[in-house]
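Asks: Input upload_26.pdb, format and content: PDB, C-alpha atoms.
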ATOM      1  CA  MET A   1      -2.192 -53.831  14.714
ATOM      2  CA  PRO A   2      -0.801 -57.224  13.594
ATOM      3  CA  TYR A   3       2.899 -57.699  12.947
ATOM      4  CA  GLU A   4       3.825 -57.148   9.292
ATOM      5  CA  PRO A   5       6.723 -59.188   7.900
ATOM      6  CA  TYR A   6       9.496 -57.321   6.081
ATOM      7  CA  ALA A   7       8.765 -59.207   2.852
ATOM      8  CA  ASP A   8       5.294 -60.263   1.759
ATOM      9  CA  ALA A   9       4.173 -63.138  -0.478
ATOM     10  CA  GLU A  10       4.088 -60.916  -3.554
ATOM     11  CA  TYR A  11       7.689 -59.784  -3.021
ATOM     12  CA  TYR A  12       8.804 -63.369  -2.337
ATOM     13  CA  ILE A  13       7.227 -64.700  -5.533
ATOM     14  CA  LYS A  14       7.752 -61.808  -7.962
ATOM     15  CA  ALA A  15      10.857 -59.877  -6.888
ATOM     16  CA  TYR A  16      12.818 -62.594  -5.044
ATOM     17  CA  GLU A  17      11.512 -65.274  -7.435
ATOM     18  CA  GLY A  18      11.157 -67.769  -4.612
ATOM     19  CA  ASP A  19       9.325 -71.042  -5.035
ATOM     20  CA  SER A  20      10.572 -73.285  -2.214
ATOM     21  CA  ILE A  21       7.879 -72.501   0.347
ATOM     22  CA  PRO A  22       4.300 -73.669  -0.281
ATOM     23  CA  GLU A  23       1.826 -70.788  -0.505
ATOM     24  CA  ASP A  24      -0.141 -71.981   2.551
ATOM     25  CA  LYS A  25       2.998 -71.722   4.751
ATOM     26  CA  LEU A  26       4.565 -68.660   3.153
ATOM     27  CA  SER A  27       3.020 -65.950   5.324
ATOM     28  CA  LYS A  28       3.974 -67.728   8.540
ATOM     29  CA  LYS A  29       7.555 -68.384   7.395
ATOM     30  CA  LEU A  30       8.083 -64.771   6.286
ATOM     31  CA  LYS A  31       6.771 -63.565   9.628
ATOM     32  CA  GLU A  32       9.085 -65.920  11.550
ATOM     33  CA  ALA A  33      12.061 -64.801   9.469
ATOM     34  CA  SER A  34      11.161 -61.158  10.130
ATOM     35  CA  ARG A  35      11.037 -61.795  13.871
ATOM     36  CA  HIS A  36      14.455 -63.425  13.666
ATOM     37  CA  ILE A  37      15.783 -60.402  11.775
ATOM     38  CA  ASP A  38      14.424 -58.255  14.625
ATOM     39  CA  THR A  39      16.489 -60.325  17.059
ATOM     40  CA  LEU A  40      19.621 -60.087  14.907
ATOM     41  CA  THR A  41      19.224 -56.300  14.532
ATOM     42  CA  TYR A  42      18.381 -55.738  18.211
ATOM     43  CA  ASN A  43      14.868 -54.501  17.285
ATOM     44  CA  ARG A  44      16.306 -51.425  15.594
ATOM     45  CA  ILE A  45      14.003 -51.848  12.591
ATOM     46  CA  VAL A  46      10.934 -52.069  14.824
ATOM     47  CA  GLY A  47      12.092 -49.049  16.829
ATOM     48  CA  LYS A  48      12.837 -46.890  13.808
ATOM     49  CA  GLY A  49      10.327 -48.286  11.325
ATOM     50  CA  ILE A  50      11.414 -49.939   8.092
ATOM     51  CA  SER A  51      10.073 -47.030   6.025
ATOM     52  CA  ARG A  52      12.575 -44.698   7.724
ATOM     53  CA  LEU A  53      15.542 -46.796   6.610
ATOM     54  CA  SER A  54      17.376 -46.130   3.353
ATOM     55  CA  ARG A  55      16.139 -47.847   0.201
ATOM     56  CA  ARG A  56      19.307 -49.983   0.188
ATOM     57  CA  GLN A  57      18.731 -51.106   3.788
ATOM     58  CA  GLN A  58      15.098 -51.954   3.003
ATOM     59  CA  ASP A  59      16.104 -53.985  -0.065
ATOM     60  CA  ILE A  60      18.700 -55.945   1.906
ATOM     61  CA  ILE A  61      16.254 -56.651   4.736
ATOM     62  CA  LYS A  62      13.577 -57.904   2.327
ATOM     63  CA  GLU A  63      16.052 -60.141   0.521
ATOM     64  CA  VAL A  64      17.461 -61.575   3.756
ATOM     65  CA  CYS A  65      13.917 -62.142   5.020
ATOM     66  CA  CYS A  66      13.192 -64.325   1.977
ATOM     67  CA  GLU A  67      16.527 -66.149   2.263
ATOM     68  CA  MET A  68      15.933 -66.864   5.935
ATOM     69  CA  ALA A  69      12.357 -68.021   5.350
ATOM     70  CA  GLU A  70      13.558 -70.519   2.727
ATOM     71  CA  PHE A  71      16.499 -71.671   4.850
ATOM     72  CA  GLU A  72      14.297 -72.145   7.915
ATOM     73  CA  TYR A  73      11.611 -73.961   5.905
ATOM     74  CA  GLU A  74      14.054 -76.299   4.169
ATOM     75  CA  ASN A  75      16.018 -77.074   7.354
ATOM     76  CA  ALA A  76      13.248 -76.958   9.968
ATOM     77  CA  ASP A  77      13.920 -80.456  11.305
ATOM     78  CA  MET A  78      17.613 -79.807  11.924
ATOM     79  CA  ILE A  79      17.105 -76.296  13.295
ATOM     80  CA  GLN A  80      14.483 -77.471  15.789
ATOM     81  CA  SER A  81      16.441 -80.554  16.830
ATOM     82  CA  VAL A  82      17.407 -80.724  20.478
ATOM     83  CA  LEU A  83      20.532 -82.730  19.645
ATOM     84  CA  GLN A  84      23.868 -80.933  19.456
ATOM     85  CA  SER A  85      25.540 -83.871  17.735
ATOM     86  CA  TYR A  86      25.356 -87.623  17.302
ATOM     87  CA  SER A  87      27.585 -90.431  16.135
ATOM     88  CA  ILE A  88      26.757 -93.894  14.819
ATOM     89  CA  ASN A  89      29.430 -96.419  13.813
ATOM     90  CA  GLY A  90      32.097 -93.763  13.297
ATOM     91  CA  VAL A  91      29.871 -91.384  11.327
ATOM     92  CA  SER A  92      29.083 -88.190  13.164
ATOM     93  CA  MET A  93      26.956 -85.117  12.558
ATOM     94  CA  ASN A  94      27.059 -81.812  14.432
ATOM     95  CA  PHE A  95      24.386 -79.166  14.634
ATOM     96  CA  GLY A  96      25.089 -75.509  15.239
ATOM     97  CA  ALA A  97      27.691 -73.181  13.829
ATOM     98  CA  SER A  98      29.642 -74.505  10.856
ATOM     99  CA  TRP A  99      31.569 -73.039   7.925
ATOM    100  CA  ASN A 100      28.380 -71.885   6.179
ATOM    101  CA  ILE A 101      25.933 -71.557   9.100
ATOM    102  CA  ALA A 102      26.133 -69.054  11.930
ATOM    103  CA  VAL A 103      24.210 -69.233  15.172
ATOM    104  CA  GLN A 104      23.797 -65.653  16.310
ATOM    105  CA  ASP A 105      21.783 -64.863  19.448
ATOM    106  CA  GLY A 106      20.155 -68.294  19.168
ATOM    107  CA  ILE A 107      19.139 -67.782  15.524
ATOM    108  CA  ALA A 108      20.541 -70.143  12.877
ATOM    109  CA  ILE A 109      21.307 -68.238   9.677
ATOM    110  CA  ARG A 110      23.436 -68.804   6.609
ATOM    111  CA  ARG A 111      26.694 -66.896   6.954
ATOM    112  CA  ASP A 112      26.254 -65.155   3.604
ATOM    113  CA  SER A 113      22.775 -63.980   4.612
ATOM    114  CA  TYR A 114      24.099 -62.677   7.929
ATOM    115  CA  ALA A 115      26.963 -60.884   6.168
ATOM    116  CA  LYS A 116      24.412 -59.265   3.877
ATOM    117  CA  LEU A 117      22.261 -58.209   6.864
ATOM    118  CA  GLN A 118      25.351 -56.722   8.515
ATOM    119  CA  GLN A 119      25.678 -54.379   5.522
ATOM    120  CA  THR A 120      22.632 -52.501   6.838
ATOM    121  CA  GLY A 121      24.656 -51.392   9.865
ATOM    122  CA  LEU A 122      21.886 -52.589  12.200
ATOM    123  CA  CYS A 123      23.566 -55.730  13.601
ATOM    124  CA  SER A 124      26.286 -54.091  15.695
ATOM    125  CA  ARG A 125      25.891 -54.172  19.461
ATOM    126  CA  ILE A 126      27.630 -50.815  19.778
ATOM    127  CA  LEU A 127      25.245 -48.495  17.946
TER
END
Please go through the file and, once you have read it, give me the structure as structure tokens.
Replies:
Amino acid sequence: MPYEPYADAEYYIKAYEGDSIPEDKLSKKLKEASRHIDTLTYNRIVGKGISRLSRRQQDIIKEVCCEMAEFEYENADMIQSVLQSYSINGVSMNFGASWNIAVQDGIAIRRDSYAKLQQTGLCSRIL
């Protein structure tokens, strides 16, 4: 059975009202974001099944999936860059954790999206 992303194209377009990701790339990006959510939640959703979570948890996971898919699509070049930082003529740029981006278990995610995902109670290492 193929892996099903936590949010599908219909949810992304109609409920989330997303329009940043082209339709031909949408399925792949939602699947990648779902896999990253699995990493951030220590595969607890896969182990339990999303349908066994509360409605609130499911809604948060779907919303974060769409946010992550858009973030990863819009920032793909920087996220996949092998450079940590660079500087040219006194101007520098750093990649990695910053005030609005967290790097958690190797996954780059907006801090507000990660805070939202933490509300599900599935991100703690001590469950």
Asks: Which of these, A:Asp112, A:Asp59, A:Glu72, A:Asp105, has the shortest distance to Lys29 in chain A once you count all atoms listed in the file?
Replies: A:Glu72
Asks: Determine the residue membership of the PyMOL selection byres ((chain A and resi 106) around 10) for the file above and supply it as a list in words.
Replies: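 When the PyMOL selection byres ((chain A and resi 106) around 10) is applied to the shown file, the picked residues are His36, Thr39, Leu40, Gly96, Ala102, Val103, Gln104, Asp105, Ile107, Ala108 and Ile109 of chain A.
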Asks: Let me know the residues the PyMOL selection byres ((chain A and resi 6-9) around 7) catches in the file above, as a ChimeraX atom specification.
Replies: /A:4-5,10-13,26-27,30,34,61-62,65-66
Asks: For the residues in that selection, give me C-alpha atoms as a compact mmCIF listing (two decimals), in the frame of the given file.
Replies:
# COMPACT_ATOMS: atom_id res chain seq x y z
CA GLU A 4 3.82 -57.15 9.29
CA PRO A 5 6.72 -59.19 7.90
CA GLU A 10 4.09 -60.92 -3.55
CA TYR A 11 7.69 -59.78 -3.02
CA TYR A 12 8.80 -63.37 -2.34
CA ILE A 13 7.23 -64.70 -5.53
CA LEU A 26 4.57 -68.66 3.15
CA SER A 27 3.02 -65.95 5.32
CA LEU A 30 8.08 -64.77 6.29
CA SER A 34 11.16 -61.16 10.13
CA ILE A 61 16.25 -56.65 4.74
CA LYS A 62 13.58 -57.90 2.33
CA CYS A 65 13.92 -62.14 5.02
CA CYS A 66 13.19 -64.32 1.98
Asks: Have a look at A:Ala69, A:Ile101, A:Ile60, A:Ile50 and name the one nearest to Ser20 in chain A; count all atoms listed in the file.
Replies: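 Between A:Ala69, A:Ile101, A:Ile60, A:Ile50, the residue approaching Ser20 in chain A most closely is A:Ala69.
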Asks: Can you work out which one of A:Lys25, A:Ile88, A:Tyr3, A:Thr41 has the shortest atom-to-atom distance to Glu74 in chain A, counting only C-alpha atoms?
Replies: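 With only C-alpha atoms as the atom set, the closest residue is A:Lys25.
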Asks: May I ask which of the residues A:Arg110, A:Arg55, A:Arg35, A:Arg44 is the closest one to Cys123 in chain A, counting only C-alpha atoms?
Replies: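 That would be A:Arg44, the residue with the smallest distance to Cys123 in chain A.
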Asks: A:Leu122, A:Ala115, A:Lys28, A:Asp38: which is nearest Gln57 in chain A, counting all atoms listed in the file?
Replies: A:Leu122
Asks: By how many Å are CA of Ala33 in chain A and CA of Met68 in chain A apart?
Replies: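 Value for the CA of Ala33 in chain A-CA of Met68 in chain A distance: 5.6 Å.
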Asks: State, in Å with one decimal place, the distance from CA of Tyr42 in chain A to CA of Gly121 in chain A.
Replies: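 A separation of 11.3 Å between them.
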Asks: Point out the residue among A:Asn43, A:Tyr114, A:Glu70, A:Ser51 with the least atom-to-atom distance to Pro22 in chain A, counting only C-alpha atoms.
Replies: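 Result for the nearest residue to Pro22 in chain A: A:Glu70.
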Asks: Take CA of Lys116 in chain A and CA of Val64 in chain A and report the distance between them in Å, one decimal.
Replies: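 According to the coordinates, CA of Lys116 in chain A and CA of Val64 in chain A are separated by 7.3 Å.
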